[in-house]
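Engineer: Next comes the structure file coords-v4.pdb, holding PDB, C-alpha atoms, pLDDT in the B column.
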```pdb
ATOM      1  CA  MET K   1       0.000   0.000   0.000  1.00 50.00           C
ATOM      2  CA  ASN K   2       1.425   3.421  -0.818  1.00 61.00           C
ATOM      3  CA  ASN K   3       2.381   5.648   2.093  1.00 70.00           C
ATOM      4  CA  HIS K   4      -0.142   8.401   1.263  1.00 65.00           C
ATOM      5  CA  LEU K   5      -3.049   5.957   1.193  1.00 61.00           C
ATOM      6  CA  GLU K   6      -1.927   4.361   4.461  1.00 83.00           C
ATOM      7  CA  LYS K   7      -1.766   7.802   6.159  1.00 83.00           C
ATOM      8  CA  LYS K   8      -5.216   8.644   4.788  1.00 84.00           C
ATOM      9  CA  LYS K   9      -6.699   5.407   6.177  1.00 83.00           C
ATOM     10  CA  LYS K  10      -5.047   5.927   9.573  1.00 86.00           C
ATOM     11  CA  ASN K  11      -6.200   9.543   9.695  1.00 85.00           C
ATOM     12  CA  ILE K  12      -9.824   8.332   9.678  1.00 85.00           C
ATOM     13  CA  PHE K  13      -9.257   7.232  13.296  1.00 89.00           C
ATOM     14  CA  LYS K  14      -7.909  10.609  14.471  1.00 91.00           C
ATOM     15  CA  GLY K  15     -11.354  12.037  15.270  1.00 89.00           C
ATOM     16  CA  THR K  16     -12.441   8.838  16.995  1.00 89.00           C
ATOM     17  CA  ILE K  17      -9.357   8.796  19.216  1.00 92.00           C
ATOM     18  CA  GLN K  18      -9.563  12.468  20.146  1.00 91.00           C
ATOM     19  CA  ARG K  19     -13.322  12.195  20.756  1.00 91.00           C
ATOM     20  CA  ASN K  20     -12.717   9.137  23.007  1.00 91.00           C
ATOM     21  CA  ILE K  21     -10.236  11.176  25.057  1.00 93.00           C
ATOM     22  CA  LEU K  22     -12.508  14.199  25.396  1.00 93.00           C
ATOM     23  CA  LEU K  23     -15.668  12.257  26.253  1.00 91.00           C
ATOM     24  CA  THR K  24     -13.838  10.068  28.763  1.00 92.00           C
ATOM     25  CA  MET K  25     -12.329  13.082  30.516  1.00 93.00           C
ATOM     26  CA  LYS K  26     -15.774  14.669  30.721  1.00 93.00           C
ATOM     27  CA  ALA K  27     -17.105  11.436  32.242  1.00 92.00           C
ATOM     28  CA  LEU K  28     -14.230  11.224  34.750  1.00 93.00           C
ATOM     29  CA  ILE K  29     -14.862  14.802  35.868  1.00 93.00           C
ATOM     30  CA  THR K  30     -18.565  14.028  36.360  1.00 91.00           C
ATOM     31  CA  ILE K  31     -17.786  10.828  38.262  1.00 89.00           C
ATOM     32  CA  ALA K  32     -15.257  12.563  40.526  1.00 89.00           C
ATOM     33  CA  THR K  33     -17.603  15.419  41.390  1.00 89.00           C
ATOM     34  CA  ASN K  34     -20.950  13.576  41.514  1.00 88.00           C
ATOM     35  CA  ASN K  35     -19.991  10.169  42.883  1.00 86.00           C
ATOM     36  CA  PHE K  36     -17.080  11.017  45.133  1.00 82.00           C
ATOM     37  CA  GLY K  37     -18.151  14.483  46.263  1.00 78.00           C
ATOM     38  CA  VAL K  38     -14.854  16.005  45.144  1.00 79.00           C
ATOM     39  CA  ARG K  39     -14.491  19.750  45.566  1.00 82.00           C
ATOM     40  CA  LEU K  40     -12.093  20.958  42.915  1.00 84.00           C
ATOM     41  CA  SER K  41      -9.536  23.673  43.516  1.00 89.00           C
ATOM     42  CA  PRO K  42     -10.144  26.929  41.611  1.00 91.00           C
ATOM     43  CA  ASP K  43      -7.178  26.184  39.315  1.00 92.00           C
ATOM     44  CA  LEU K  44      -8.410  22.680  38.521  1.00 93.00           C
ATOM     45  CA  LEU K  45     -11.973  23.936  38.117  1.00 93.00           C
ATOM     46  CA  VAL K  46     -10.842  26.286  35.330  1.00 95.00           C
ATOM     47  CA  HIS K  47      -9.323  23.339  33.447  1.00 96.00           C
ATOM     48  CA  CYS K  48     -12.454  21.239  33.996  1.00 95.00           C
ATOM     49  CA  GLU K  49     -14.568  24.042  32.552  1.00 95.00           C
ATOM     50  CA  VAL K  50     -12.375  24.168  29.435  1.00 95.00           C
ATOM     51  CA  ILE K  51     -12.923  20.429  28.968  1.00 95.00           C
ATOM     52  CA  GLU K  52     -16.667  20.635  29.670  1.00 93.00           C
ATOM     53  CA  LYS K  53     -17.132  23.446  27.132  1.00 93.00           C
ATOM     54  CA  ALA K  54     -15.148  21.644  24.427  1.00 92.00           C
ATOM     55  CA  GLN K  55     -17.211  20.389  21.524  1.00 85.00           C
ATOM     56  CA  ALA K  56     -17.335  16.627  21.048  1.00 73.00           C
ATOM     57  CA  ASP K  57     -16.142  16.960  17.453  1.00 70.00           C
ATOM     58  CA  GLY K  58     -12.894  15.188  18.197  1.00 63.00           C
ATOM     59  CA  VAL K  59     -10.584  18.218  17.863  1.00 83.00           C
ATOM     60  CA  LEU K  60      -8.071  18.665  20.674  1.00 90.00           C
ATOM     61  CA  THR K  61      -6.712  22.203  20.658  1.00 90.00           C
ATOM     62  CA  PRO K  62      -3.556  23.094  22.626  1.00 91.00           C
ATOM     63  CA  LEU K  63      -5.751  24.694  25.338  1.00 93.00           C
ATOM     64  CA  ILE K  64      -7.956  21.606  25.667  1.00 95.00           C
ATOM     65  CA  SER K  65      -4.911  19.334  25.627  1.00 95.00           C
ATOM     66  CA  GLU K  66      -3.243  21.325  28.414  1.00 96.00           C
ATOM     67  CA  SER K  67      -6.413  21.201  30.488  1.00 96.00           C
ATOM     68  CA  ILE K  68      -6.755  17.455  29.972  1.00 96.00           C
ATOM     69  CA  SER K  69      -3.159  16.972  31.078  1.00 96.00           C
ATOM     70  CA  LYS K  70      -3.664  19.073  34.227  1.00 95.00           C
ATOM     71  CA  VAL K  71      -6.942  17.380  35.165  1.00 95.00           C
ATOM     72  CA  TRP K  72      -5.578  13.887  34.451  1.00 94.00           C
ATOM     73  CA  SER K  73      -2.665  14.522  36.831  1.00 93.00           C
ATOM     74  CA  SER K  74      -4.990  15.363  39.731  1.00 92.00           C
ATOM     75  CA  GLU K  75      -5.490  12.799  42.486  1.00 88.00           C
ATOM     76  CA  TYR K  76      -9.277  13.162  42.248  1.00 85.00           C
ATOM     77  CA  ILE K  77      -9.448  12.118  38.618  1.00 89.00           C
ATOM     78  CA  LYS K  78      -7.023   9.259  39.278  1.00 88.00           C
ATOM     79  CA  LYS K  79      -9.370   8.068  42.044  1.00 85.00           C
ATOM     80  CA  ALA K  80     -12.323   8.146  39.642  1.00 87.00           C
ATOM     81  CA  TYR K  81     -10.221   6.283  37.060  1.00 89.00           C
ATOM     82  CA  ASP K  82      -9.284   3.629  39.637  1.00 89.00           C
ATOM     83  CA  GLU K  83     -13.012   2.994  40.084  1.00 86.00           C
ATOM     84  CA  ARG K  84     -13.670   2.741  36.317  1.00 86.00           C
ATOM     85  CA  HIS K  85     -14.951  -0.817  36.667  1.00 86.00           C
ATOM     86  CA  LYS K  86     -18.050   0.683  38.293  1.00 88.00           C
ATOM     87  CA  PHE K  87     -18.698   3.074  35.405  1.00 86.00           C
ATOM     88  CA  GLN K  88     -18.645   3.038  31.623  1.00 83.00           C
ATOM     89  CA  ILE K  89     -15.100   4.314  31.116  1.00 85.00           C
ATOM     90  CA  LEU K  90     -12.617   3.188  28.480  1.00 83.00           C
ATOM     91  CA  ASP K  91     -10.225   0.803  30.203  1.00 79.00           C
ATOM     92  CA  ASN K  92      -7.258   1.902  28.131  1.00 85.00           C
ATOM     93  CA  ILE K  93      -7.729   5.669  28.304  1.00 91.00           C
ATOM     94  CA  SER K  94      -4.497   5.910  30.309  1.00 91.00           C
ATOM     95  CA  TYR K  95      -2.644   4.793  27.145  1.00 94.00           C
ATOM     96  CA  PHE K  96      -3.890   7.910  25.361  1.00 94.00           C
ATOM     97  CA  LEU K  97      -3.611  10.328  28.273  1.00 93.00           C
ATOM     98  CA  ALA K  98       0.030   9.419  28.838  1.00 93.00           C
ATOM     99  CA  ASP K  99       0.745  10.801  25.365  1.00 94.00           C
ATOM    100  CA  ILE K 100      -1.781  13.636  25.113  1.00 95.00           C
ATOM    101  CA  GLU K 101       0.672  16.139  23.599  1.00 93.00           C
ATOM    102  CA  ARG K 102       1.435  13.902  20.619  1.00 94.00           C
ATOM    103  CA  LEU K 103      -2.235  13.060  20.118  1.00 93.00           C
ATOM    104  CA  SER K 104      -3.263  16.719  20.000  1.00 92.00           C
ATOM    105  CA  GLU K 105      -0.629  17.896  17.520  1.00 91.00           C
ATOM    106  CA  PRO K 106      -2.248  19.440  14.415  1.00 89.00           C
ATOM    107  CA  HIS K 107      -0.572  16.951  12.059  1.00 91.00           C
ATOM    108  CA  TYR K 108      -1.058  13.913  14.288  1.00 92.00           C
ATOM    109  CA  ILE K 109      -1.552  10.664  12.387  1.00 92.00           C
ATOM    110  CA  PRO K 110      -2.606   7.688  14.519  1.00 93.00           C
ATOM    111  CA  THR K 111      -0.157   4.841  14.862  1.00 92.00           C
ATOM    112  CA  THR K 112      -1.260   1.241  14.529  1.00 89.00           C
ATOM    113  CA  GLN K 113      -1.123   0.965  18.340  1.00 92.00           C
ATOM    114  CA  ASP K 114      -3.328   4.065  18.681  1.00 92.00           C
ATOM    115  CA  ILE K 115      -5.885   2.522  16.346  1.00 89.00           C
ATOM    116  CA  LEU K 116      -5.871  -0.797  18.185  1.00 87.00           C
ATOM    117  CA  ASN K 117      -6.499   1.028  21.478  1.00 87.00           C
ATOM    118  CA  SER K 118      -9.300   3.189  20.087  1.00 86.00           C
ATOM    119  CA  ARG K 119     -13.010   2.510  20.539  1.00 78.00           C
ATOM    120  CA  ALA K 120     -15.566   3.162  17.827  1.00 72.00           C
ATOM    121  CA  LYS K 121     -19.176   2.112  18.205  1.00 70.00           C
ATOM    122  CA  THR K 122     -20.203  -0.178  15.381  1.00 66.00           C
ATOM    123  CA  SER K 123     -23.342  -1.877  14.189  1.00 72.00           C
ATOM    124  CA  GLY K 124     -23.912  -4.931  12.061  1.00 75.00           C
ATOM    125  CA  ILE K 125     -21.361  -7.609  11.297  1.00 83.00           C
ATOM    126  CA  THR K 126     -18.091  -6.670   9.624  1.00 79.00           C
ATOM    127  CA  GLU K 127     -15.225  -8.914   8.570  1.00 81.00           C
ATOM    128  CA  LEU K 128     -11.696  -7.696   8.041  1.00 76.00           C
ATOM    129  CA  VAL K 129      -8.908  -9.899   6.728  1.00 82.00           C
ATOM    130  CA  PHE K 130      -5.322  -8.742   7.186  1.00 77.00           C
ATOM    131  CA  SER K 131      -1.837 -10.200   7.139  1.00 82.00           C
ATOM    132  CA  SER K 132       1.207  -9.760   9.304  1.00 82.00           C
ATOM    133  CA  GLY K 133       4.274 -11.407   7.876  1.00 86.00           C
ATOM    134  CA  GLU K 134       3.249 -14.873   6.776  1.00 89.00           C
ATOM    135  CA  ALA K 135       0.255 -15.043   9.127  1.00 88.00           C
ATOM    136  CA  SER K 136      -3.244 -14.165   7.934  1.00 86.00           C
ATOM    137  CA  PHE K 137      -5.945 -13.000  10.355  1.00 85.00           C
ATOM    138  CA  LYS K 138      -9.712 -12.612  10.116  1.00 84.00           C
ATOM    139  CA  LEU K 139     -11.297 -10.096  12.479  1.00 78.00           C
ATOM    140  CA  ILE K 140     -15.065 -10.257  12.906  1.00 81.00           C
ATOM    141  CA  ASP K 141     -16.831  -7.315  14.531  1.00 74.00           C
ATOM    142  CA  VAL K 142     -20.370  -8.132  15.665  1.00 77.00           C
ATOM    143  CA  GLY K 143     -21.247  -4.558  16.570  1.00 68.00           C
ATOM    144  CA  GLY K 144     -21.599  -2.714  19.819  1.00 59.00           C
TER     145      GLY K 144
END
```
Please, can you express the file's structure as structure tokens?

Structural biologist:
Amino acid sequence: MNNHLEKKKKNIFKGTIQRNILLTMKALITIATNNFGVRLSPDLLVHCEVIEKAQADGVLTPLISESISKVWSSEYIKKAYDERHKFQILDNISYFLADIERLSEPHYIPTTQDILNSRAKTSGITELVFSSGEASFKLIDVGG
């Protein structure tokens, strides 16, 4: 496959990945404040407001990215994340948040690992056949 086409296919996942990050951070903020009664510091509250006001169009601006980084580093959000099994939170969001600067760069193109860690809601049954070296794989997505 030519390099341009591969980049174009990978770039399809950029919005999904950035939307996953934004929506999960919004959920973690809600969980921390509503379920754990967390009172946020004024500084942290400003960053939470930036995240809450961000559109869910999957675009992470430098301001949103900085706010996500600050909020993610707070002990309150980490506590909510530790309790993610009780809520509908992406299990692997820490993979993305550990590299938020790279993921919010304007010319970011998702890596294969980014794509494998992303979550996109699907419907119907889809089959995808791909190869890695001499091995051939068939992936069947049954929706959800």

Engineer: If you take every atom of region 38-54 of chain K that the file lists and fit an axis-aligned box around them with 6 Å extra on each side, what centre and edge lengths come out in Å to one decimal, as AutoDock Vina command-line options?

Structural biologist:
```
--center_x -12.2 --center_y 21.5 --center_z 35.0 --size_x 22.0 --size_y 22.9 --size_z 33.1
```

Engineer: Would you mind reading off the distance between CA of Lys7 (chain K) and CA of Ser132 (chain K), one decimal, in Å?

Structural biologist: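 CA of Lys7 (chain K) sits 18.1 Å away from CA of Ser132 (chain K).
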
Engineer: For this structure, which residues satisfy the selection - the PyMOL selection byres ((chain K and resi 16-20) around 9) - when it is evaluated on the file as given? I want them as a PDB file with C-alpha atoms, in the coordinates of the input.

Structural biologist:
```
ATOM      1  CA  ILE K  12      -9.824   8.332   9.678  1.00 85.00           C
ATOM      2  CA  PHE K  13      -9.257   7.232  13.296  1.00 89.00           C
ATOM      3  CA  LYS K  14      -7.909  10.609  14.471  1.00 91.00           C
ATOM      4  CA  GLY K  15     -11.354  12.037  15.270  1.00 89.00           C
ATOM      5  CA  ILE K  21     -10.236  11.176  25.057  1.00 93.00           C
ATOM      6  CA  LEU K  22     -12.508  14.199  25.396  1.00 93.00           C
ATOM      7  CA  LEU K  23     -15.668  12.257  26.253  1.00 91.00           C
ATOM      8  CA  THR K  24     -13.838  10.068  28.763  1.00 92.00           C
ATOM      9  CA  MET K  25     -12.329  13.082  30.516  1.00 93.00           C
ATOM     10  CA  ALA K  56     -17.335  16.627  21.048  1.00 73.00           C
ATOM     11  CA  ASP K  57     -16.142  16.960  17.453  1.00 70.00           C
ATOM     12  CA  GLY K  58     -12.894  15.188  18.197  1.00 63.00           C
ATOM     13  CA  VAL K  59     -10.584  18.218  17.863  1.00 83.00           C
ATOM     14  CA  LEU K  60      -8.071  18.665  20.674  1.00 90.00           C
ATOM     15  CA  LEU K  90     -12.617   3.188  28.480  1.00 83.00           C
ATOM     16  CA  ILE K  93      -7.729   5.669  28.304  1.00 91.00           C
ATOM     17  CA  PHE K  96      -3.890   7.910  25.361  1.00 94.00           C
ATOM     18  CA  LEU K 103      -2.235  13.060  20.118  1.00 93.00           C
ATOM     19  CA  SER K 104      -3.263  16.719  20.000  1.00 92.00           C
ATOM     20  CA  PRO K 110      -2.606   7.688  14.519  1.00 93.00           C
ATOM     21  CA  ASP K 114      -3.328   4.065  18.681  1.00 92.00           C
ATOM     22  CA  ILE K 115      -5.885   2.522  16.346  1.00 89.00           C
ATOM     23  CA  ASN K 117      -6.499   1.028  21.478  1.00 87.00           C
ATOM     24  CA  SER K 118      -9.300   3.189  20.087  1.00 86.00           C
ATOM     25  CA  ARG K 119     -13.010   2.510  20.539  1.00 78.00           C
ATOM     26  CA  ALA K 120     -15.566   3.162  17.827  1.00 72.00           C
TER      27      ALA K 120
END
```

Engineer: Between K:Leu28, K:Glu134, K:Lys9, K:Asn3, which residue has the minimum interatomic distance to Gln88 (chain K), considering all atoms listed in the file?

Structural biologist: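 Using all atoms listed in the file, Gln88 (chain K) sits closest to K:Leu28.
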
Engineer: Between CA of Arg39 (chain K) and CA of Leu63 (chain K), what is the distance in Å, rounded to a tenth?

Structural biologist: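 Those two atoms sit 22.6 Å apart.
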
Engineer: For Ala98 (chain K), which of K:Ile68, K:Val50, K:Leu45, K:Ile29 is the closest residue, counting all atoms listed in the file?

Structural biologist: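 Using all atoms listed in the file, Ala98 (chain K) sits closest to K:Ile68.
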
Engineer: How far is it from CA of Ser69 (chain K) to CA of Asp91 (chain K), in Å with one decimal?

Structural biologist: 17.7 Å

Engineer: Compile the contact shell of Thr126 (chain K) as a PyMOL selection string: residues with an atom at most 7 Å away, counting only C-alpha atoms, same-chain residues fewer than 4 positions apart removed.

Structural biologist: chain K and resi 140-142

Engineer: When distances are computed from only C-alpha atoms, which of K:Glu6, K:Glu101, K:Glu127, K:Glu83 shows the smallest separation from Phe36 (chain K)?

Structural biologist: K:Glu83

Engineer: Tell me which of K:Leu44, K:Ile64, K:Ile77, K:Leu128 sits closest to Ile100 (chain K), counting all atoms listed in the file.

Structural biologist: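 The shortest atom-to-atom distance to Ile100 (chain K) comes from K:Ile64.
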
Engineer: Check the smallest atom-to-atom distance from each of K:Lys70, K:Lys8, K:Lys26, K:Phe87 to Ala54 (chain K) using only C-alpha atoms, then report the winner.

Structural biologist: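 Looking only at the distances to Ala54 (chain K), the closest residue turns out to be K:Lys26.
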
Engineer: Let me make sure I understand: among K:Trp72, K:Gly37, K:Ala27, K:Phe137, which one has the smallest atom-to-atom distance to Asp99 (chain K) if we use all atoms listed in the file?

Structural biologist: K:Trp72

Engineer: Only C-alpha atoms, as a PDB file, in the first residue's frame: that is what I want for region 16-63 of chain K.

Structural biologist:
```
ATOM      1  CA  THR K  16     -12.441   8.838  16.995  1.00  0.00           C
ATOM      2  CA  ILE K  17      -9.357   8.796  19.216  1.00  0.00           C
ATOM      3  CA  GLN K  18      -9.563  12.468  20.146  1.00  0.00           C
ATOM      4  CA  ARG K  19     -13.322  12.195  20.756  1.00  0.00           C
ATOM      5  CA  ASN K  20     -12.717   9.137  23.007  1.00  0.00           C
ATOM      6  CA  ILE K  21     -10.236  11.176  25.057  1.00  0.00           C
ATOM      7  CA  LEU K  22     -12.508  14.199  25.396  1.00  0.00           C
ATOM      8  CA  LEU K  23     -15.668  12.257  26.253  1.00  0.00           C
ATOM      9  CA  THR K  24     -13.838  10.068  28.763  1.00  0.00           C
ATOM     10  CA  MET K  25     -12.329  13.082  30.516  1.00  0.00           C
ATOM     11  CA  LYS K  26     -15.774  14.669  30.721  1.00  0.00           C
ATOM     12  CA  ALA K  27     -17.105  11.436  32.242  1.00  0.00           C
ATOM     13  CA  LEU K  28     -14.230  11.224  34.750  1.00  0.00           C
ATOM     14  CA  ILE K  29     -14.862  14.802  35.868  1.00  0.00           C
ATOM     15  CA  THR K  30     -18.565  14.028  36.360  1.00  0.00           C
ATOM     16  CA  ILE K  31     -17.786  10.828  38.262  1.00  0.00           C
ATOM     17  CA  ALA K  32     -15.257  12.563  40.526  1.00  0.00           C
ATOM     18  CA  THR K  33     -17.603  15.419  41.390  1.00  0.00           C
ATOM     19  CA  ASN K  34     -20.950  13.576  41.514  1.00  0.00           C
ATOM     20  CA  ASN K  35     -19.991  10.169  42.883  1.00  0.00           C
ATOM     21  CA  PHE K  36     -17.080  11.017  45.133  1.00  0.00           C
ATOM     22  CA  GLY K  37     -18.151  14.483  46.263  1.00  0.00           C
ATOM     23  CA  VAL K  38     -14.854  16.005  45.144  1.00  0.00           C
ATOM     24  CA  ARG K  39     -14.491  19.750  45.566  1.00  0.00           C
ATOM     25  CA  LEU K  40     -12.093  20.958  42.915  1.00  0.00           C
ATOM     26  CA  SER K  41      -9.536  23.673  43.516  1.00  0.00           C
ATOM     27  CA  PRO K  42     -10.144  26.929  41.611  1.00  0.00           C
ATOM     28  CA  ASP K  43      -7.178  26.184  39.315  1.00  0.00           C
ATOM     29  CA  LEU K  44      -8.410  22.680  38.521  1.00  0.00           C
ATOM     30  CA  LEU K  45     -11.973  23.936  38.117  1.00  0.00           C
ATOM     31  CA  VAL K  46     -10.842  26.286  35.330  1.00  0.00           C
ATOM     32  CA  HIS K  47      -9.323  23.339  33.447  1.00  0.00           C
ATOM     33  CA  CYS K  48     -12.454  21.239  33.996  1.00  0.00           C
ATOM     34  CA  GLU K  49     -14.568  24.042  32.552  1.00  0.00           C
ATOM     35  CA  VAL K  50     -12.375  24.168  29.435  1.00  0.00           C
ATOM     36  CA  ILE K  51     -12.923  20.429  28.968  1.00  0.00           C
ATOM     37  CA  GLU K  52     -16.667  20.635  29.670  1.00  0.00           C
ATOM     38  CA  LYS K  53     -17.132  23.446  27.132  1.00  0.00           C
ATOM     39  CA  ALA K  54     -15.148  21.644  24.427  1.00  0.00           C
ATOM     40  CA  GLN K  55     -17.211  20.389  21.524  1.00  0.00           C
ATOM     41  CA  ALA K  56     -17.335  16.627  21.048  1.00  0.00           C
ATOM     42  CA  ASP K  57     -16.142  16.960  17.453  1.00  0.00           C
ATOM     43  CA  GLY K  58     -12.894  15.188  18.197  1.00  0.00           C
ATOM     44  CA  VAL K  59     -10.584  18.218  17.863  1.00  0.00           C
ATOM     45  CA  LEU K  60      -8.071  18.665  20.674  1.00  0.00           C
ATOM     46  CA  THR K  61      -6.712  22.203  20.658  1.00  0.00           C
ATOM     47  CA  PRO K  62      -3.556  23.094  22.626  1.00  0.00           C
ATOM     48  CA  LEU K  63      -5.751  24.694  25.338  1.00  0.00           C
TER      49      LEU K  63
END
```
